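Source file: model_13.txt. Holds: compact mmCIF, C-alpha atoms.
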# COMPACT_ATOMS: atom_id res chain seq x y z
CA MET A 1 132.70 115.93 123.86
CA THR A 2 134.26 119.34 123.80
CA ASP A 3 136.41 120.86 121.12
CA VAL A 4 139.36 120.81 123.47
CA ALA A 5 139.14 117.01 123.79
CA LEU A 6 138.99 116.45 120.05
CA PRO A 7 142.09 115.48 118.11
CA THR A 8 143.25 118.05 115.58
CA ASP A 9 142.01 115.99 112.64
CA GLU A 10 138.50 115.80 114.02
CA ARG A 11 138.48 119.51 114.84
CA THR A 12 139.50 120.15 111.26
CA ASP A 13 136.73 117.91 109.97
CA LEU A 14 134.13 119.72 112.06
CA ASP A 15 135.49 123.06 110.94
CA LEU A 16 135.29 122.03 107.29
CA ILE A 17 131.75 120.77 107.78
CA SER A 18 130.78 124.13 109.28
CA ARG A 19 132.37 125.96 106.40
CA TRP A 20 130.55 123.79 103.86
CA LYS A 21 127.26 124.39 105.64
CA ALA A 22 128.02 128.10 105.48
CA GLY A 23 128.17 127.85 101.71
CA GLU A 24 131.84 127.18 101.04
CA GLN A 25 131.75 124.32 98.55
CA ARG A 26 135.52 124.12 98.57
CA ALA A 27 135.31 122.76 102.11
CA ALA A 28 133.50 119.69 100.77
CA THR A 29 136.32 119.10 98.31
CA LEU A 30 138.84 119.29 101.13
CA LEU A 31 136.89 116.76 103.14
CA VAL A 32 136.79 114.41 100.17
CA GLU A 33 140.54 114.83 99.71
CA ARG A 34 141.13 114.01 103.38
CA HIS A 35 139.06 110.83 103.48
CA ALA A 36 138.44 109.49 99.97
CA SER A 37 141.56 107.31 99.87
CA ALA A 38 140.82 105.66 103.21
CA VAL A 39 137.21 105.04 102.24
CA ALA A 40 138.36 103.64 98.89
CA ARG A 41 140.83 101.31 100.61
CA PHE A 42 138.15 100.07 102.92
CA VAL A 43 135.65 99.56 100.10
CA ALA A 44 138.23 97.78 97.98
CA SER A 45 139.15 95.52 100.89
CA VAL A 46 135.65 94.48 101.88
CA GLY A 47 133.74 94.99 98.68
CA GLY A 48 134.26 94.77 94.98
CA ARG A 49 137.15 96.57 93.38
CA ASP A 50 135.27 97.26 90.18
CA ASP A 51 132.89 99.82 91.56
CA VAL A 52 135.03 101.35 94.28
CA GLU A 53 134.82 104.86 92.92
CA GLU A 54 131.07 104.62 92.56
CA VAL A 55 130.68 103.42 96.14
CA VAL A 56 133.03 106.13 97.39
CA GLN A 57 131.05 108.79 95.57
CA ASP A 58 127.75 107.43 96.90
CA THR A 59 129.26 107.40 100.36
CA PHE A 60 130.18 111.06 100.24
CA VAL A 61 126.93 112.15 98.62
CA ARG A 62 124.93 110.35 101.29
CA ALA A 63 127.13 111.62 104.06
CA PHE A 64 126.82 115.24 102.99
CA ALA A 65 123.09 114.86 102.37
CA SER A 66 122.62 113.77 105.96
CA ILE A 67 125.41 115.78 107.53
CA ASP A 68 123.03 117.17 110.14
CA GLY A 69 122.71 113.64 111.45
CA PHE A 70 126.43 113.56 112.18
CA ARG A 71 126.75 114.48 115.83
CA GLY A 72 130.50 114.20 116.08
CA GLU A 73 130.18 111.35 118.57
CA SER A 74 132.50 109.31 116.38
CA SER A 75 135.08 110.61 113.96
CA LEU A 76 133.93 111.64 110.51
CA ARG A 77 136.03 108.86 109.02
CA THR A 78 134.33 106.24 111.17
CA TRP A 79 130.98 107.62 110.10
CA LEU A 80 132.01 107.51 106.45
CA PHE A 81 133.16 103.92 106.84
CA THR A 82 129.81 103.03 108.37
CA ILE A 83 128.00 104.48 105.36
CA ALA A 84 130.40 102.85 102.92
CA ARG A 85 130.02 99.50 104.62
CA ARG A 86 126.24 99.73 104.36
CA LEU A 87 126.50 100.53 100.66
CA VAL A 88 128.84 97.59 100.10
CA LEU A 89 126.45 95.26 101.89
CA ASP A 90 123.50 96.61 99.90
CA ARG A 91 125.34 96.02 96.66
CA ARG A 92 126.37 92.56 97.74
CA ARG A 93 122.76 91.71 98.53
CA ALA A 94 121.56 93.15 95.22
CA THR A 95 124.15 91.16 93.33
CA ARG A 96 123.19 88.06 95.21
CA ARG A 97 119.53 88.58 94.36
CA ARG A 98 120.34 89.16 90.74
CA ARG A 99 122.22 85.94 90.55
CA GLU A 100 119.39 84.21 92.35
CA GLN A 101 121.87 82.46 94.50
CA VAL A 102 121.03 80.96 97.80
CA GLU A 103 122.14 83.03 100.71
CA VAL A 104 125.84 82.67 101.31
CA HIS A 105 126.71 82.18 104.92
CA GLU A 106 129.52 84.09 106.45
CA SER A 107 131.67 81.00 106.74
CA ASP A 108 131.62 80.28 103.01
CA ALA A 109 131.66 83.86 101.83
CA ALA A 110 135.40 84.15 101.47
CA THR A 111 135.13 83.53 97.73
CA GLU A 112 133.20 86.80 97.40
CA TYR A 113 136.36 88.70 98.14
CA ASP A 114 138.24 89.01 94.96
CA SER A 115 138.79 92.72 95.34
CA LEU A 116 142.53 92.42 95.64
CA ASP A 117 142.93 90.36 92.51
CA GLY A 118 145.13 92.00 89.95
CA VAL A 119 147.24 93.93 92.38
CA VAL A 120 149.62 91.17 93.26
CA ALA A 121 153.11 92.61 93.37
CA ASP A 122 155.17 89.66 94.41
CA GLU A 123 155.01 86.28 96.08
CA THR A 124 154.74 87.72 99.59
CA GLN A 125 151.99 90.03 98.50
CA ARG A 126 150.20 87.18 96.81
CA ARG A 127 150.35 85.01 99.91
CA LEU A 128 149.16 87.83 102.15
CA GLN A 129 146.28 88.58 99.86
CA SER A 130 145.39 84.93 99.66
CA ALA A 131 145.33 84.72 103.42
CA LEU A 132 143.21 87.85 103.72
CA LYS A 133 140.73 86.42 101.26
CA LYS A 134 140.24 83.38 103.45
CA LEU A 135 138.91 85.46 106.32
CA SER A 136 135.21 85.66 106.95
CA PRO A 137 133.61 88.96 105.94
CA THR A 138 133.35 90.20 109.50
CA GLN A 139 136.89 89.12 110.37
CA ARG A 140 138.12 90.85 107.28
CA GLU A 141 136.24 94.07 107.98
CA VAL A 142 137.56 94.18 111.51
CA PHE A 143 141.08 93.30 110.48
CA VAL A 144 141.17 95.89 107.70
CA LEU A 145 139.92 98.62 110.01
CA ARG A 146 142.37 97.64 112.73
CA VAL A 147 145.48 97.08 110.65
CA SER A 148 145.01 99.28 107.63
CA GLU A 149 143.21 102.20 109.25
CA GLY A 150 144.49 101.87 112.79
CA MET A 151 141.06 102.15 114.34
CA SER A 152 140.44 101.37 117.97
CA TYR A 153 138.12 98.53 118.88
CA ALA A 154 135.50 101.08 119.94
CA GLU A 155 135.61 102.73 116.51
CA ILE A 156 135.48 99.36 114.79
CA ALA A 157 132.51 98.35 116.91
CA ASP A 158 130.73 101.55 115.84
CA THR A 159 131.48 100.96 112.19
CA VAL A 160 130.67 97.28 112.00
CA GLY A 161 127.80 97.34 114.46
CA THR A 162 129.20 95.06 117.09
CA THR A 163 130.78 95.27 120.53
CA GLU A 164 134.35 96.12 121.39
CA GLY A 165 134.85 92.65 122.83
CA ALA A 166 133.54 90.96 119.70
CA ALA A 167 135.73 93.19 117.53
CA ARG A 168 138.78 92.19 119.58
CA VAL A 169 137.92 88.51 119.21
CA HIS A 170 137.45 88.88 115.45
CA TYR A 171 140.80 90.64 115.15
CA HIS A 172 142.74 87.98 117.05
CA ASN A 173 140.96 85.15 115.22
CA ALA A 174 141.84 86.78 111.93
CA MET A 175 145.46 87.18 112.99
CA ARG A 176 145.65 83.54 114.00
CA THR A 177 144.08 82.42 110.70
CA ILE A 178 146.54 84.48 108.68
CA LYS A 179 149.51 83.14 110.58
CA GLU A 180 148.32 79.57 110.11
CA LEU A 181 147.82 80.09 106.39
CA LEU A 182 151.24 81.67 106.00
CA ASP A 183 152.87 78.84 107.93
CA ASP A 184 151.40 76.18 105.64
CA MET B 1 154.91 81.63 113.66
CA ILE B 2 154.78 81.60 117.45
CA ASP B 3 152.29 83.69 119.40
CA CYS B 4 153.56 85.70 122.32
CA PRO B 5 151.67 84.88 125.53
CA ASN B 6 151.49 88.59 126.36
CA GLY B 7 148.08 89.30 124.86
CA GLU B 8 148.00 92.84 126.18
CA VAL B 9 151.01 93.89 124.16
CA ARG B 10 149.87 92.00 121.07
CA ASP B 11 146.59 93.84 121.31
CA LEU B 12 148.46 97.14 121.17
CA LEU B 13 150.65 96.33 118.18
CA PRO B 14 148.29 97.80 115.54
CA ASP B 15 148.05 100.99 117.61
CA TYR B 16 151.83 101.06 117.88
CA LEU B 17 152.04 100.60 114.11
CA HIS B 18 149.77 103.61 113.58
CA ASP B 19 151.46 105.64 116.30
CA ARG B 20 148.26 105.91 118.29
CA LEU B 21 149.69 105.13 121.70
CA ASP B 22 150.43 107.65 124.38
CA SER B 23 154.05 107.92 125.43
CA SER B 24 153.89 105.56 128.41
CA ALA B 25 152.16 102.80 126.44
CA ARG B 26 154.55 103.26 123.54
CA ILE B 27 157.58 102.94 125.82
CA SER B 28 156.10 99.83 127.41
CA VAL B 29 155.52 98.20 124.01
CA GLU B 30 159.00 99.09 122.79
CA ARG B 31 160.58 97.53 125.90
CA HIS B 32 158.62 94.37 125.25
CA LEU B 33 159.54 94.32 121.57
CA ALA B 34 163.20 94.57 122.45
CA GLU B 35 162.93 91.28 124.30
CA CYS B 36 160.25 89.39 122.32
CA ALA B 37 161.03 87.95 118.88
CA ALA B 38 157.46 86.68 118.40
CA CYS B 39 156.06 90.19 118.81
CA ARG B 40 158.70 91.63 116.50
CA ASP B 41 157.66 89.05 113.88
CA GLU B 42 154.02 89.89 114.39
CA LEU B 43 154.72 93.60 114.06
CA ALA B 44 156.62 92.94 110.82
CA LEU B 45 153.68 90.90 109.52
CA LEU B 46 151.26 93.68 110.43
CA ARG B 47 153.44 96.16 108.56
CA ASP B 48 153.35 93.96 105.44
CA LEU B 49 149.62 93.44 105.70
CA ARG B 50 149.05 97.15 106.05
CA GLY B 51 151.12 97.71 102.93
CA THR B 52 149.02 95.16 101.09
CA LEU B 53 145.74 96.56 102.28
CA GLN B 54 146.70 100.14 101.61
CA ARG B 55 147.07 99.71 97.90
CA THR B 56 144.52 102.35 97.09
CA PRO B 57 142.48 102.21 93.97
CA HIS B 58 142.58 105.44 92.05
CA ILE B 59 139.83 107.80 93.04
CA ASP B 60 139.02 110.94 91.09
CA VAL B 61 138.55 113.29 94.01
CA ALA B 62 137.33 116.10 91.78
CA SER B 63 134.47 114.05 90.36
CA VAL B 64 133.48 112.78 93.80
CA ALA B 65 133.50 116.33 95.16
CA ALA B 66 131.56 117.61 92.14
CA ALA B 67 128.73 115.20 92.94
CA ILE B 68 128.20 116.78 96.35
CA PRO B 69 125.39 119.33 96.21
CA ALA B 70 125.34 122.55 98.16
CA TYR B 71 124.19 122.34 101.75
CA GLN B 72 120.43 122.39 102.25
CA PRO B 73 119.41 123.35 105.77
CA PRO B 74 116.76 121.06 107.18
CA VAL B 75 113.23 122.43 107.06
CA ARG B 76 112.18 122.98 110.60
CA LYS B 77 108.53 122.56 111.48
CA SER B 78 107.45 125.58 113.44
CA TRP B 79 104.79 125.50 116.12
CA ALA B 80 102.63 127.72 113.94
CA ASN B 81 102.79 125.23 111.10
CA GLY B 82 101.96 122.43 113.48
CA TRP B 83 98.93 124.23 114.82
CA ARG B 84 97.80 125.09 111.32
CA ALA B 85 98.00 121.46 110.31
CA ALA B 86 96.15 120.37 113.45
CA ALA B 87 93.44 122.95 112.84
CA ALA B 88 93.05 121.82 109.25
CA ILE B 89 92.73 118.20 110.31
CA ALA B 90 90.19 119.10 112.98
CA ALA B 91 88.16 121.16 110.51
CA ILE B 92 88.11 118.32 108.02
CA ALA B 93 87.08 115.84 110.70
CA ILE B 94 84.29 118.06 112.03
CA GLY B 95 83.11 118.91 108.55
CA GLY B 96 83.05 115.28 107.52
CA THR B 97 81.13 114.26 110.61
CA SER B 98 78.62 117.05 110.11
CA ILE B 99 78.05 116.13 106.50
CA ALA B 100 77.58 112.50 107.47
CA LEU B 101 75.05 113.42 110.13
CA MET B 102 73.24 115.79 107.83
CA GLY B 103 73.17 113.15 105.15
CA ARG B 104 71.48 110.80 107.54
CA ALA B 105 69.02 113.49 108.58
CA GLY B 106 68.28 114.19 104.93
CA LYS B 107 66.80 110.74 104.36
CA PRO B 108 63.03 110.56 104.33
CA THR B 109 61.93 110.13 107.87
CA GLN B 110 58.83 108.38 108.90
CA VAL B 111 57.16 109.92 111.82
CA ALA B 112 54.14 108.33 113.21
CA GLN B 113 51.71 110.18 115.29
CA GLY B 114 48.05 109.92 115.68
CA PRO B 115 45.36 108.13 117.47
CA ILE B 116 45.99 104.91 119.29
CA ALA B 117 46.10 102.12 116.84
CA THR B 118 44.90 98.63 117.28
CA PRO B 119 47.41 96.34 119.01
CA ALA B 120 47.68 94.28 115.89
CA ALA B 121 48.86 97.20 113.92
CA PRO B 122 52.52 96.90 112.97
CA ALA B 123 54.84 99.45 114.37
CA PRO B 124 56.02 101.88 111.79
CA ASP B 125 59.61 102.06 110.88
CA VAL B 126 60.60 104.94 113.02
CA GLY B 127 63.83 106.52 111.98
CA VAL B 128 63.99 109.52 114.23
CA ARG B 129 64.84 109.50 117.89
CA GLY B 130 62.11 110.56 120.19
CA THR B 131 59.34 109.05 118.17
CA ALA B 132 60.08 105.41 118.73
CA ALA B 133 58.42 105.41 122.11
CA ALA B 134 55.17 106.22 120.46
CA ALA B 135 55.36 103.27 118.15
CA PRO B 136 53.08 100.82 119.96
CA HIS B 137 50.38 103.41 120.06
CA THR B 138 50.72 104.79 116.62
CA VAL B 139 48.68 104.61 113.55
CA THR B 140 49.01 101.98 110.98
CA GLU B 141 49.95 104.49 108.37
CA PRO B 142 53.41 105.83 108.94
CA VAL B 143 53.98 109.41 108.22
CA THR B 144 56.75 110.51 105.99
CA GLN B 145 57.62 114.08 106.63
CA PRO B 146 57.71 116.39 103.70
CA ALA B 147 61.17 116.56 102.32
CA PRO B 148 61.84 120.25 102.93
CA MET B 149 61.55 119.75 106.65
CA VAL B 150 64.51 117.48 106.79
CA ALA B 151 66.36 118.68 103.77
CA ARG B 152 67.43 121.65 105.83
CA ALA B 153 70.27 119.55 107.02
CA GLU B 154 71.87 119.49 103.62
CA PRO B 155 70.77 122.29 101.36
CA SER B 156 72.52 120.81 98.40
CA VAL B 157 70.67 117.54 98.74
CA LYS B 158 67.63 117.23 96.60
CA PRO B 159 64.47 117.10 98.61
CA ALA B 160 62.95 113.70 98.90
CA PRO B 161 59.85 113.12 96.78
CA ALA B 162 56.79 114.53 98.40
CA PRO B 163 54.65 111.87 99.99
CA ARG B 164 51.29 111.07 98.67
CA GLY B 165 48.60 112.92 100.49
CA GLU B 166 46.79 109.85 101.69
CA GLU B 167 49.93 108.58 103.37
CA LEU B 168 50.54 111.72 105.32
CA ALA B 169 49.07 111.32 108.74
CA ILE B 170 49.26 114.47 110.73
CA ALA B 171 47.74 114.52 114.16
CA GLY B 172 45.40 111.78 113.22
CA GLY B 173 44.39 113.18 109.85
CA THR B 174 45.79 113.26 106.38
CA ILE B 175 46.47 115.97 103.95
CA ALA B 176 43.25 115.05 102.32
CA ASP B 177 41.51 116.16 105.48
CA LEU B 178 42.86 119.68 105.19
CA SER B 179 40.81 122.38 103.73
CA ASP B 180 42.13 124.39 100.85
CA GLY B 181 42.97 127.26 103.16
CA GLU B 182 44.79 125.05 105.64
CA LEU B 183 46.66 123.39 102.87
CA SER B 184 47.62 126.77 101.51
CA ASP B 185 48.81 127.86 104.98
CA LEU B 186 50.84 124.70 105.32
CA ILE B 187 52.50 125.22 102.01
CA GLY B 188 53.21 128.80 102.97
CA ASP B 189 54.77 127.63 106.24
CA LEU B 190 56.90 125.16 104.41
CA ASP B 191 58.03 127.77 101.95
CA SER B 192 58.94 130.11 104.74
CA LEU B 193 61.30 127.66 106.38
CA ASP B 194 64.84 128.90 106.31
CA ALA B 195 67.60 126.88 104.80
CA VAL B 196 69.45 126.24 108.00
CA PRO B 197 69.46 122.55 108.65
CA SER B 198 67.64 121.40 111.68
CA THR B 199 67.50 117.96 113.05
CA ASP B 200 65.12 118.97 115.77
CA VAL B 201 62.23 116.74 114.94
CA GLU B 202 60.06 118.02 117.70
CA SER B 203 60.06 121.55 116.39
CA ALA B 204 59.39 120.35 112.88
CA GLU B 205 56.52 118.27 114.07
CA SER B 206 55.04 121.08 116.04
CA LEU B 207 55.25 123.33 113.04
CA LEU B 208 53.36 120.82 111.00
CA THR B 209 50.98 119.52 113.54
CA GLY B 210 50.26 122.29 115.99
CA ARG B 211 47.51 123.76 113.92
CA HIS B 212 45.99 120.41 113.01
CA ARG B 213 46.10 119.04 116.50
CA GLY B 214 43.99 121.92 117.50
CA ARG B 215 41.57 121.02 114.79
CA HIS B 216 41.21 117.50 116.13
CA GLU B 217 41.03 118.43 119.74

Please lay out the structure from this file as structure tokens.
Amino acid sequence: MTDVALPTDERTDLDLISRWKAGEQRAATLLVERHASAVARFVASVGGRDDVEEVVQDTFVRAFASIDGFRGESSLRTWLFTIARRLVLDRRRATRRRREQVEVHESDAATEYDSLDGVVADETQRRLQSALKKLSPTQREVFVLRVSEGMSYAEIADTVGTTEGAARVHYHNAMRTIKELLDD
Amino acid sequence: MIDCPNGEVRDLLPDYLHDRLDSSARISVERHLAECAACRDELALLRDLRGTLQRTPHIDVASVAAAIPAYQPPVRKSWANGWRAAAAIAAIAIGGTSIALMGRAGKPTQVAQGPIATPAAPAPDVGVRGTAAAAPHTVTEPVTQPAPMVARAEPSVKPAPAPRGEELAIAGGTIADLSDGELSDLIGDLDSLDAVPSTDVESAESLLTGRHRGRHE
């Protein structure tokens, strides 16, 4: 991938990374400003809302610590989401172990998602959030990345660790589920 | 809510929502939207869902940024470092092997030589290569070499206790057979041995026995 083929945002990210590596700490702050909100939205949507800031901070610290492993093959945001997702899953597993619960299968894991509680604005919002909470974790991840972040299926596949085809299926299944729930 | 049968357009609606379509795809979607109520409803739903999902929790950007340390370039392993490490490993391996071999050589070794023994005589416990072949024809009294002869292999190892004279069979005789002068010469020879380890049993034997063989011949 050449610089010419990169969108402006990605060129800016790479430029800021270079500047940070050259010793300009302000460049790291700019990168955080560019992506922190999106990472926080994603974490809040698929993880717990209580420790969003902590996960976001861990995400950036880990990302910058291993910045030489970022090849620019995906966008920086996709890479950050991948790290954030891993942290969310690690925390979920740790919580599960602490509670000594039996492993929760994807199909019954919808109750884990209470991250949107407390932000209900109105009846429509409440119904939408209720529908989103009924999605399986993978459906929800894919749907959030597709609808909230506008990612392509290829980017989603990179982030979630699946194929483009599977991501597309998850998205459409999620959409169908939400429509059915809203129609009830 | 009805689903539009045009899956291709429905697949593009999130991209249209985020303005990620090129101009031709965008025009195509907009033409379809103008005619399809189901897709307009779906697009409206997507817009609401995005609004719901994009309620961002407050993030203190300054504190997140403050946690990021300065860049640390990766430590690259140079070829020189690699060779140094390899050389160190090789030296340790060779040294360890040598010490192990020397340690084995430093054990008291029984060497049997002498006149043909009776067939009933038990074969001595021969611990040094090259002497085993002589076992069936050896004396009944095994010879334990004086410690200094073999202690050359490991100077720091204490010499083994000197064998009793009557057990030392050298070229068919014992130390007791030596005259005072010969014994004195032998001790002098032993004292003159250098400290360099040698596992060459033959040369050690010849040093000890050459003179005495001549006496018996």

* Could the residues of chain A within 9 Å of chain B, counting all atoms listed in the file, be given as a count of residues only, please? => 58

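What separates atom CA of Glu30 of chain B from atom CA of Phe143 of chain A is a distance of 22.5 Å.
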
* Structure fact -> A straight line from atom CA of Phe81 of chain A to atom CA of Leu145 of chain A spans 9.2 Å

Once 3 Å is added on each side, what centre and edge lengths in Å to one decimal does the axis-aligned box around all listed atoms of segment 38-44 of chain A have, as JSON?
{"center_x": 138.2, "center_y": 101.7, "center_z": 100.6, "size_x": 11.2, "size_y": 13.9, "size_z": 11.2}

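Distance-wise, atom CA of Leu43 of chain B and atom CA of Ser75 of chain A end up 26.0 Å apart.
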
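Residue nearest Ser136 of chain A within the list A:Glu155, A:Glu123, A:Glu164, A:Asn173: A:Asn173 [criterion: smallest interatomic distance, only C-alpha atoms].
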
Non-local contacts of Asp9 of chain A (12 Å; only C-alpha atoms; under 5 positions in same chain excluded) as a PDB file with C-alpha atoms, in the coordinates of the input:
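Wrote out18.pdb, looks like this:
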ATOM      1  CA  ASP A   3     136.410 120.860 121.120  1.00  0.00           C
ATOM      2  CA  LEU A  14     134.130 119.720 112.060  1.00  0.00           C
ATOM      3  CA  ASP A  15     135.490 123.060 110.940  1.00  0.00           C
ATOM      4  CA  LEU A  16     135.290 122.030 107.290  1.00  0.00           C
ATOM      5  CA  LEU A  31     136.890 116.760 103.140  1.00  0.00           C
ATOM      6  CA  ARG A  34     141.130 114.010 103.380  1.00  0.00           C
ATOM      7  CA  HIS A  35     139.060 110.830 103.480  1.00  0.00           C
ATOM      8  CA  SER A  75     135.080 110.610 113.960  1.00  0.00           C
ATOM      9  CA  LEU A  76     133.930 111.640 110.510  1.00  0.00           C
ATOM     10  CA  ARG A  77     136.030 108.860 109.020  1.00  0.00           C
TER      11      ARG A  77
END
